[in-house]
Amino acid sequence: MSKPKQIRLAINLLASGRHNASWKTLADPAGLSTDIDVFLQIARTAERGLLDGIFLADNYAGLAEESFKRPFRALSPGVLLAALATHTRHIGLVLTAPALYGDPATLAREIASLDHVSRGRGAWNIITSQHEHGRKILGADGELARSAKYDKADEYVTIVTQLWESLPPEAIVADAASTTYVDAGRLRPVEFQGDYYHASGVLGVVGGYQGRRPVLLQAGASESSKQFGSKWADALFTSHWMKPSAQEFYSDVKQYAAQKWQRDPEKMLVVPGVYPVLGATETQARQRKADLDDQLDLEYLKGALATLLGVETADLDLGRELPYAKIPPSDPDIRTGLAQREKVVESARQRGATTKQVLLEYLTGGHRIVVGTPEQIADDLIDWVDTDACDGFNFNIDRYTDGLDHLVDWLVPELQARGRFRTEYESTTFRGNLGIDDGTA
C-alpha cells in the first residue's frame with residue numbers, strides 16, 4: 001500500500017498575525033514590527049511543528065496605507081531571515097522581492113548569501129506587484145501592462161539564475177602550488193542583453209549552498225502568472241476560496257510545467273493561502289474569530305472594500321449582498337488589483353454572502369478562512385489535497401503567537417496521526433524537505 005500524499009505546510013510571518021485587529025489584544029504592541037524576540041519565538045515554534053517554511057511577505061517600500069492601522073513589515077527581509085537562520089536548523093526561509101525593480105545582481109547575491117548562511121534553506125518568492133506606494137518610493141515609472149511586466153520579470157529571473165550558475169563550486173580550486181584560487185576556465189560568465197535588463201560578468205558568490213540554487217517561489221493566479229510560475233517556480237503561492245477554481249489552477253500549472261517547459265510537475269508544488277481559526281470545539285473557534293472581529297474598524301475596512309470593488313462606500317450595506325449592478329467590469333491588463341476584485345465578486349455571488357461577510361473575509365488578504373476543531377480543519381485540508389486542488393498550504397495565522405501554538409500543538413498532531421504530515425524532518429535543506437530535490441545542481 002502506497003504512502004498517503006504528504007501535505008506541505010508553511011506560515012506567513014507577520015508581526016502580530018493576519019487578523020487586522022490582532023495587535024489590539026496584545027501587550028505593548030508598539031514595538032512589534034521590529035521585535036526580533038517575537039520573530040525568533042515564531043520561528044522556533046514553527047520549526048518545533050516541523051513546518052516546511054517561513055514565508056516573509058514584503059512590500060519593498062515605505063509605509064503603505066495599511067501601516068497606519070496595524071503593525072507593518074519594517075525589517076529588511078534578508079537581515080531578518082538571516083537572524084532566524086542562526087536560531088533554526090531545518091525550516092525554509094522565504095524572502096519576498098520583486099522582479100521588476102532594482103538590479104538582478106544585487107538580489108542574486110542577497111538570496112545566495114541567505115542560502116549559504118542558512119545552509120540550504122534560503123528561497124526567493126518572486127513577485128510582480130506594482131502597487132502605487134511602492135512605485136513612488138522607488139522612483140519607478142508608471143504601471144506596466146500585464147504582458148510587459150511578465151516579459152520584464154522573465155528577463156530579471158533569467159539574469160538571477162544565470163548569475164547563480166556563473167561561479168560553480170568546482171571553479172574554486174584553491175591551488176596553493178600555482179597560487180590559483182579561482183580557475184577562470186571553469187567560470188560561466190553571464191552575457192545577457194534584453195529589452196529591460198542587461199548584465200555581464202560573474203557573481204562573486206557561489207549561487208547556492210553546496211552548488212544548488214535557492215528554491216524559487218511565485219505568487220499569482222492570472223493566466224500570465226500561471227505561465228510564468230510554471231516556468232520558474234518550485235512552488236506556487238496562490239489564493240482560492242472555492243475548490244473548483246483551485247482545481248482548475250492546479251491542473252493548468254501542472255500541465256504547463258510538463259508540456260510547455262518539460263518539467264516534472266511533481267517537482268512543482270501548489271500551495272494556496274489558508275486562514276485557520278482553531279478551537280477545542282467549533283463553538284470556541286467561532287468565538288475566537290468573533291472576539292477578534294469585534295475589534296475591527298469596520299468603516300475603514302468598508303472603504304477599502306469599496307475601493308477594491310470600484311464603488312462608493314455609501315453603496316455598501318453590511319446587511320445586504322454586494323451591489324453587483326454598480327461594480328464596473330474590469331480588464332486585468334490595465335491595472336493592479338482587478339483580478340482580486342473579480343475573485344471577491346465571483347466568490348461572494350456564488351455563496352450569496354452579505355457585504356459584512358465579504359468584509360470580514362477580505363481582511364485576510366483574499367485567503368480562505370477555515371474555522372473549527374483540529375479534526376474539522378484536518379478534514380478540510382486533506383480533502384483539498386486529495387482532490388487535486390493543491391499540494392499543501394501557506395497558513396495565515398490569525399494572531400501570533402497563540403494562534404501558531406494551536407496550529408503546532410493541535411493541528412499538526414492530528415495530521416500526523418492520519419499519516420499526512422512528517423514526524424521528523426527529512427532533510428536539513430528546504431529543497432529536501434519540500435520533496436523536490438532531484439539530486440542535480
# chains A, B, ... in the order shown; residues from 1 in each chain; ligands from 1
call {"tool": "residues_around", "arguments": {"residues": "Gln247 of chain A", "least_positions_apart": "4", "cutoff": "10 Å", "atoms": "only C-alpha atoms", "output": "list in words"}}
result
His240, Met242, Lys243, Ser251, Asp252, Trp384, Val385, Thr387, Asp388, Ala389 and Cys390 of chain A
call {"tool": "write_last_selection", "arguments": {"atoms": "N, CA, C and O atoms", "output": "compact mmCIF listing (two decimals), in the first residue's frame"}}
result
# COMPACT_ATOMS: atom_id res chain seq x y z
N HIS A 240 -7.27 30.90 -3.33
CA HIS A 240 -8.56 30.38 -3.84
C HIS A 240 -9.51 30.17 -2.68
O HIS A 240 -9.16 29.56 -1.67
N MET A 242 -12.73 28.94 -3.49
CA MET A 242 -13.61 27.88 -3.95
C MET A 242 -12.76 26.76 -4.55
O MET A 242 -11.85 27.00 -5.36
N LYS A 243 -13.07 25.52 -4.19
CA LYS A 243 -12.25 24.39 -4.63
C LYS A 243 -12.24 24.21 -6.15
O LYS A 243 -11.17 23.90 -6.71
N SER A 251 -4.56 22.07 -12.18
CA SER A 251 -4.44 21.31 -13.42
C SER A 251 -3.68 22.10 -14.48
O SER A 251 -2.80 21.57 -15.17
N ASP A 252 -3.98 23.39 -14.58
CA ASP A 252 -3.35 24.23 -15.60
C ASP A 252 -1.84 24.31 -15.40
O ASP A 252 -1.06 24.07 -16.34
N TRP A 384 -8.84 18.95 0.17
CA TRP A 384 -8.29 19.77 -0.91
C TRP A 384 -7.08 19.10 -1.56
O TRP A 384 -6.95 19.11 -2.79
N VAL A 385 -6.22 18.50 -0.75
CA VAL A 385 -5.03 17.85 -1.31
C VAL A 385 -5.42 16.60 -2.11
O VAL A 385 -4.90 16.36 -3.21
N THR A 387 -8.13 15.90 -3.66
CA THR A 387 -8.94 16.15 -4.85
C THR A 387 -8.22 17.06 -5.83
O THR A 387 -8.84 17.73 -6.66
N ASP A 388 -6.89 17.07 -5.75
CA ASP A 388 -6.04 17.80 -6.69
C ASP A 388 -6.38 19.28 -6.78
O ASP A 388 -6.45 19.87 -7.86
N ALA A 389 -6.56 19.88 -5.59
CA ALA A 389 -6.72 21.33 -5.54
C ALA A 389 -5.41 22.00 -5.13
O ALA A 389 -5.22 23.20 -5.37
N CYS A 390 -4.50 21.23 -4.49
CA CYS A 390 -3.23 21.79 -4.05
C CYS A 390 -2.33 20.68 -3.51
O CYS A 390 -2.76 19.52 -3.41
call {"tool": "atom_distance", "arguments": {"atom1": "atom CA of Val205 of chain A", "atom2": "atom CA of Val157 of chain A"}}
result
17.1 Å
call {"tool": "atom_distance", "arguments": {"atom1": "atom CA of Glu143 of chain A", "atom2": "atom CA of Gln340 of chain A"}}
result
16.9 Å
call {"tool": "closest_residue", "arguments": {"among": "A:Ile382, A:Arg341, A:His90, A:Glu266", "to": "Gly419 of chain A", "atoms": "only C-alpha atoms"}}
result
A:Ile382
call {"tool": "closest_atom_pairs", "arguments": {"of": "segment 197-239 of chain A", "to": "segment 393-417 of chain A", "cutoff": "10 Å", "atoms": "only C-alpha atoms", "output": "Markdown table"}}
result
| residue | atom | partner | partner_atom | distance |
| --- | --- | --- | --- | --- |
| A:Phe237 | CA | A:Asn394 | CA | 7.5 |
| A:Thr238 | CA | A:Asn394 | CA | 9.0 |
| A:Ser239 | CA | A:Asn394 | CA | 9.7 |
call {"tool": "select_by_dssp", "arguments": {"residues": "segment 80-161 of chain A", "states": "strand (DSSP E)", "output": "PDB file with all heavy atoms, in the first residue's frame"}}
result
ATOM      1  N   GLY A  92      12.597  26.196   6.072  1.00  0.00           N
ATOM      2  CA  GLY A  92      12.912  27.053   4.943  1.00  0.00           C
ATOM      3  C   GLY A  92      12.620  28.512   5.248  1.00  0.00           C
ATOM      4  O   GLY A  92      11.721  28.839   6.025  1.00  0.00           O
ATOM      5  N   LEU A  93      13.375  29.408   4.601  1.00  0.00           N
ATOM      6  CA  LEU A  93      13.286  30.840   4.860  1.00  0.00           C
ATOM      7  C   LEU A  93      13.065  31.558   3.534  1.00  0.00           C
ATOM      8  O   LEU A  93      13.986  31.676   2.718  1.00  0.00           O
ATOM      9  CB  LEU A  93      14.564  31.333   5.543  1.00  0.00           C
ATOM     10  CG  LEU A  93      14.909  30.596   6.849  1.00  0.00           C
ATOM     11  CD1 LEU A  93      16.351  30.856   7.250  1.00  0.00           C
ATOM     12  CD2 LEU A  93      13.952  30.992   7.962  1.00  0.00           C
ATOM     13  N   VAL A  94      11.847  32.048   3.323  1.00  0.00           N
ATOM     14  CA  VAL A  94      11.438  32.566   2.019  1.00  0.00           C
ATOM     15  C   VAL A  94      11.451  34.091   2.023  1.00  0.00           C
ATOM     16  O   VAL A  94      10.692  34.736   2.747  1.00  0.00           O
ATOM     17  CB  VAL A  94      10.031  32.065   1.647  1.00  0.00           C
ATOM     18  CG1 VAL A  94       9.640  32.565   0.266  1.00  0.00           C
ATOM     19  CG2 VAL A  94       9.972  30.536   1.703  1.00  0.00           C
ATOM     20  N   LEU A  95      12.318  34.658   1.211  1.00  0.00           N
ATOM     21  CA  LEU A  95      12.460  36.109   1.076  1.00  0.00           C
ATOM     22  C   LEU A  95      11.630  36.584  -0.114  1.00  0.00           C
ATOM     23  O   LEU A  95      11.776  36.065  -1.221  1.00  0.00           O
ATOM     24  CB  LEU A  95      13.935  36.456   0.887  1.00  0.00           C
ATOM     25  CG  LEU A  95      14.358  37.923   0.795  1.00  0.00           C
ATOM     26  CD1 LEU A  95      15.817  38.059   1.241  1.00  0.00           C
ATOM     27  CD2 LEU A  95      14.214  38.491  -0.618  1.00  0.00           C
ATOM     28  N   THR A  96      10.785  37.558   0.106  1.00  0.00           N
ATOM     29  CA  THR A  96       9.973  38.125  -0.968  1.00  0.00           C
ATOM     30  C   THR A  96      10.668  39.347  -1.545  1.00  0.00           C
ATOM     31  O   THR A  96      11.070  40.247  -0.802  1.00  0.00           O
ATOM     32  CB  THR A  96       8.579  38.522  -0.446  1.00  0.00           C
ATOM     33  OG1 THR A  96       7.862  37.345  -0.075  1.00  0.00           O
ATOM     34  CG2 THR A  96       7.781  39.259  -1.504  1.00  0.00           C
ATOM     35  N   ALA A  97      10.815  39.382  -2.858  1.00  0.00           N
ATOM     36  CA  ALA A  97      11.418  40.535  -3.530  1.00  0.00           C
ATOM     37  C   ALA A  97      10.890  40.599  -4.959  1.00  0.00           C
ATOM     38  O   ALA A  97      10.630  39.568  -5.575  1.00  0.00           O
ATOM     39  CB  ALA A  97      12.940  40.426  -3.534  1.00  0.00           C
ATOM     40  N   PRO A  98      10.735  41.811  -5.500  1.00  0.00           N
ATOM     41  CA  PRO A  98      10.166  41.955  -6.843  1.00  0.00           C
ATOM     42  C   PRO A  98      11.156  41.644  -7.946  1.00  0.00           C
ATOM     43  O   PRO A  98      12.372  41.760  -7.771  1.00  0.00           O
ATOM     44  CB  PRO A  98       9.754  43.430  -6.888  1.00  0.00           C
ATOM     45  CG  PRO A  98      10.726  44.106  -5.977  1.00  0.00           C
ATOM     46  CD  PRO A  98      10.996  43.125  -4.872  1.00  0.00           C
ATOM     47  N   GLY A 122      17.531  28.946   2.065  1.00  0.00           N
ATOM     48  CA  GLY A 122      17.086  30.213   1.502  1.00  0.00           C
ATOM     49  C   GLY A 122      16.191  30.017   0.302  1.00  0.00           C
ATOM     50  O   GLY A 122      16.302  29.036  -0.430  1.00  0.00           O
ATOM     51  N   ALA A 123      15.295  30.967   0.077  1.00  0.00           N
ATOM     52  CA  ALA A 123      14.378  30.898  -1.066  1.00  0.00           C
ATOM     53  C   ALA A 123      13.961  32.308  -1.465  1.00  0.00           C
ATOM     54  O   ALA A 123      13.946  33.227  -0.640  1.00  0.00           O
ATOM     55  CB  ALA A 123      13.149  30.057  -0.722  1.00  0.00           C
ATOM     56  N   TRP A 124      13.597  32.451  -2.724  1.00  0.00           N
ATOM     57  CA  TRP A 124      13.126  33.735  -3.261  1.00  0.00           C
ATOM     58  C   TRP A 124      11.684  33.580  -3.707  1.00  0.00           C
ATOM     59  O   TRP A 124      11.377  32.757  -4.556  1.00  0.00           O
ATOM     60  CB  TRP A 124      14.004  34.156  -4.436  1.00  0.00           C
ATOM     61  CG  TRP A 124      13.538  35.391  -5.163  1.00  0.00           C
ATOM     62  CD1 TRP A 124      12.768  36.407  -4.677  1.00  0.00           C
ATOM     63  CD2 TRP A 124      13.836  35.745  -6.519  1.00  0.00           C
ATOM     64  NE1 TRP A 124      12.563  37.379  -5.639  1.00  0.00           N
ATOM     65  CE2 TRP A 124      13.208  36.993  -6.777  1.00  0.00           C
ATOM     66  CE3 TRP A 124      14.573  35.123  -7.536  1.00  0.00           C
ATOM     67  CZ2 TRP A 124      13.303  37.626  -8.025  1.00  0.00           C
ATOM     68  CZ3 TRP A 124      14.661  35.766  -8.765  1.00  0.00           C
ATOM     69  CH2 TRP A 124      14.037  36.998  -9.003  1.00  0.00           C
ATOM     70  N   ASN A 125      10.805  34.387  -3.119  1.00  0.00           N
ATOM     71  CA  ASN A 125       9.431  34.488  -3.599  1.00  0.00           C
ATOM     72  C   ASN A 125       9.380  35.629  -4.599  1.00  0.00           C
ATOM     73  O   ASN A 125       9.482  36.803  -4.242  1.00  0.00           O
ATOM     74  CB  ASN A 125       8.466  34.756  -2.436  1.00  0.00           C
ATOM     75  CG  ASN A 125       7.042  34.968  -2.922  1.00  0.00           C
ATOM     76  OD1 ASN A 125       6.567  34.273  -3.807  1.00  0.00           O
ATOM     77  ND2 ASN A 125       6.351  35.937  -2.341  1.00  0.00           N
ATOM     78  N   ILE A 126       9.210  35.295  -5.868  1.00  0.00           N
ATOM     79  CA  ILE A 126       9.235  36.264  -6.959  1.00  0.00           C
ATOM     80  C   ILE A 126       7.877  36.956  -7.048  1.00  0.00           C
ATOM     81  O   ILE A 126       6.849  36.293  -7.206  1.00  0.00           O
ATOM     82  CB  ILE A 126       9.522  35.557  -8.302  1.00  0.00           C
ATOM     83  CG1 ILE A 126      10.803  34.729  -8.216  1.00  0.00           C
ATOM     84  CG2 ILE A 126       9.605  36.565  -9.437  1.00  0.00           C
ATOM     85  CD1 ILE A 126      10.927  33.694  -9.323  1.00  0.00           C
ATOM     86  N   ILE A 127       7.861  38.273  -6.946  1.00  0.00           N
ATOM     87  CA  ILE A 127       6.598  38.989  -7.086  1.00  0.00           C
ATOM     88  C   ILE A 127       6.693  40.004  -8.220  1.00  0.00           C
ATOM     89  O   ILE A 127       7.770  40.480  -8.566  1.00  0.00           O
ATOM     90  CB  ILE A 127       6.168  39.689  -5.781  1.00  0.00           C
ATOM     91  CG1 ILE A 127       7.225  40.683  -5.304  1.00  0.00           C
ATOM     92  CG2 ILE A 127       5.869  38.662  -4.694  1.00  0.00           C
ATOM     93  CD1 ILE A 127       6.750  41.574  -4.177  1.00  0.00           C
TER      94      ILE A 127
END
call {"tool": "closest_residue", "arguments": {"among": "A:Gly120, A:Pro214, A:Pro4, A:Gly194", "to": "Arg89 of chain A", "atoms": "only C-alpha atoms"}}
result
A:Gly120
call {"tool": "residues_around", "arguments": {"residues": "segment 373-379 of chain A", "least_positions_apart": "6", "cutoff": "6 Å", "atoms": "only C-alpha atoms", "output": "VMD selection string"}}
result
chain A and resid 278 to 282 410 to 411
call {"tool": "write_last_selection", "arguments": {"atoms": "C-alpha atoms", "output": "tab-separated table (two decimals), in the first residue's frame"}}
result
chain	number	residue	atom	x	y	z
A	278	LEU	CA	-8.73	26.68	15.74
A	279	GLY	CA	-10.58	25.84	18.91
A	280	ALA	CA	-11.03	22.79	21.13
A	281	THR	CA	-14.64	22.90	19.93
A	282	GLU	CA	-16.18	24.54	16.89
A	410	TRP	CA	-3.36	20.73	17.84
A	411	LEU	CA	-3.49	20.57	14.04
call {"tool": "closest_residue", "arguments": {"among": "A:Gly139, A:Pro168, A:Gly53, A:Pro276", "to": "Ala85 of chain A", "atoms": "only C-alpha atoms"}}
result
A:Gly53
call {"tool": "residues_around", "arguments": {"residues": "Arg135 of chain A", "least_positions_apart": "5", "cutoff": "12 Å", "atoms": "only C-alpha atoms", "output": "list of chain:residue names"}}
result
A:Asn59, A:Tyr60, A:Ala61, A:Gly62, A:Ala64, A:Pro98, A:Leu100, A:Tyr101, A:Gly102, A:Thr128, A:Ser129, A:Gln130, A:Ala140, A:Asp141, A:Gly142, A:Glu143, A:Leu144
call {"tool": "decode", "arguments": {"residues": "segment 53-67 of chain A", "atoms": "N, CA, C and O atoms", "output": "PDB file, in the first residue's frame"}}
result
ATOM      1  N   GLY A  53       8.278  25.795   5.843  1.00  0.00           N
ATOM      2  CA  GLY A  53       8.911  27.082   5.613  1.00  0.00           C
ATOM      3  C   GLY A  53       8.238  28.241   6.315  1.00  0.00           C
ATOM      4  O   GLY A  53       7.090  28.161   6.762  1.00  0.00           O
ATOM      5  N   ILE A  54       9.000  29.329   6.392  1.00  0.00           N
ATOM      6  CA  ILE A  54       8.513  30.618   6.873  1.00  0.00           C
ATOM      7  C   ILE A  54       8.512  31.557   5.673  1.00  0.00           C
ATOM      8  O   ILE A  54       9.557  31.815   5.069  1.00  0.00           O
ATOM      9  N   PHE A  55       7.344  32.051   5.345  1.00  0.00           N
ATOM     10  CA  PHE A  55       7.152  32.904   4.182  1.00  0.00           C
ATOM     11  C   PHE A  55       7.089  34.350   4.664  1.00  0.00           C
ATOM     12  O   PHE A  55       6.175  34.723   5.390  1.00  0.00           O
ATOM     13  N   LEU A  56       8.079  35.160   4.283  1.00  0.00           N
ATOM     14  CA  LEU A  56       8.132  36.544   4.734  1.00  0.00           C
ATOM     15  C   LEU A  56       7.684  37.452   3.591  1.00  0.00           C
ATOM     16  O   LEU A  56       8.449  37.785   2.686  1.00  0.00           O
ATOM     17  N   ALA A  57       6.415  37.842   3.628  1.00  0.00           N
ATOM     18  CA  ALA A  57       5.902  38.782   2.640  1.00  0.00           C
ATOM     19  C   ALA A  57       6.536  40.153   2.881  1.00  0.00           C
ATOM     20  O   ALA A  57       6.973  40.467   3.981  1.00  0.00           O
ATOM     21  N   ASP A  58       6.583  40.979   1.842  1.00  0.00           N
ATOM     22  CA  ASP A  58       7.189  42.291   1.990  1.00  0.00           C
ATOM     23  C   ASP A  58       6.654  43.209   0.908  1.00  0.00           C
ATOM     24  O   ASP A  58       6.362  42.764  -0.215  1.00  0.00           O
ATOM     25  N   ASN A  59       6.498  44.494   1.248  1.00  0.00           N
ATOM     26  CA  ASN A  59       6.019  45.446   0.235  1.00  0.00           C
ATOM     27  C   ASN A  59       7.158  46.214  -0.413  1.00  0.00           C
ATOM     28  O   ASN A  59       6.923  47.048  -1.289  1.00  0.00           O
ATOM     29  N   TYR A  60       8.385  45.961   0.012  1.00  0.00           N
ATOM     30  CA  TYR A  60       9.591  46.508  -0.614  1.00  0.00           C
ATOM     31  C   TYR A  60       9.519  48.027  -0.723  1.00  0.00           C
ATOM     32  O   TYR A  60       9.960  48.627  -1.692  1.00  0.00           O
ATOM     33  N   ALA A  61       8.923  48.660   0.252  1.00  0.00           N
ATOM     34  CA  ALA A  61       8.738  50.095   0.138  1.00  0.00           C
ATOM     35  C   ALA A  61       8.570  50.713   1.513  1.00  0.00           C
ATOM     36  O   ALA A  61       8.878  50.114   2.541  1.00  0.00           O
ATOM     37  N   GLY A  62       8.066  51.936   1.514  1.00  0.00           N
ATOM     38  CA  GLY A  62       7.826  52.631   2.764  1.00  0.00           C
ATOM     39  C   GLY A  62       6.472  52.276   3.333  1.00  0.00           C
ATOM     40  O   GLY A  62       5.912  51.214   3.047  1.00  0.00           O
ATOM     41  N   LEU A  63       5.926  53.167   4.123  1.00  0.00           N
ATOM     42  CA  LEU A  63       4.647  52.920   4.755  1.00  0.00           C
ATOM     43  C   LEU A  63       3.541  52.821   3.700  1.00  0.00           C
ATOM     44  O   LEU A  63       3.370  53.724   2.880  1.00  0.00           O
ATOM     45  N   ALA A  64       2.819  51.708   3.739  1.00  0.00           N
ATOM     46  CA  ALA A  64       1.632  51.554   2.906  1.00  0.00           C
ATOM     47  C   ALA A  64       0.423  52.005   3.715  1.00  0.00           C
ATOM     48  O   ALA A  64       0.518  52.249   4.922  1.00  0.00           O
ATOM     49  N   GLU A  65      -0.716  52.100   3.060  1.00  0.00           N
ATOM     50  CA  GLU A  65      -1.909  52.578   3.755  1.00  0.00           C
ATOM     51  C   GLU A  65      -2.244  51.722   4.968  1.00  0.00           C
ATOM     52  O   GLU A  65      -2.612  52.245   6.025  1.00  0.00           O
ATOM     53  N   GLU A  66      -2.091  50.396   4.831  1.00  0.00           N
ATOM     54  CA  GLU A  66      -2.431  49.512   5.946  1.00  0.00           C
ATOM     55  C   GLU A  66      -1.513  49.707   7.148  1.00  0.00           C
ATOM     56  O   GLU A  66      -1.859  49.354   8.273  1.00  0.00           O
ATOM     57  N   SER A  67      -0.338  50.303   6.928  1.00  0.00           N
ATOM     58  CA  SER A  67       0.604  50.506   8.021  1.00  0.00           C
ATOM     59  C   SER A  67       0.065  51.456   9.078  1.00  0.00           C
ATOM     60  O   SER A  67       0.539  51.445  10.222  1.00  0.00           O
TER      61      SER A  67
END
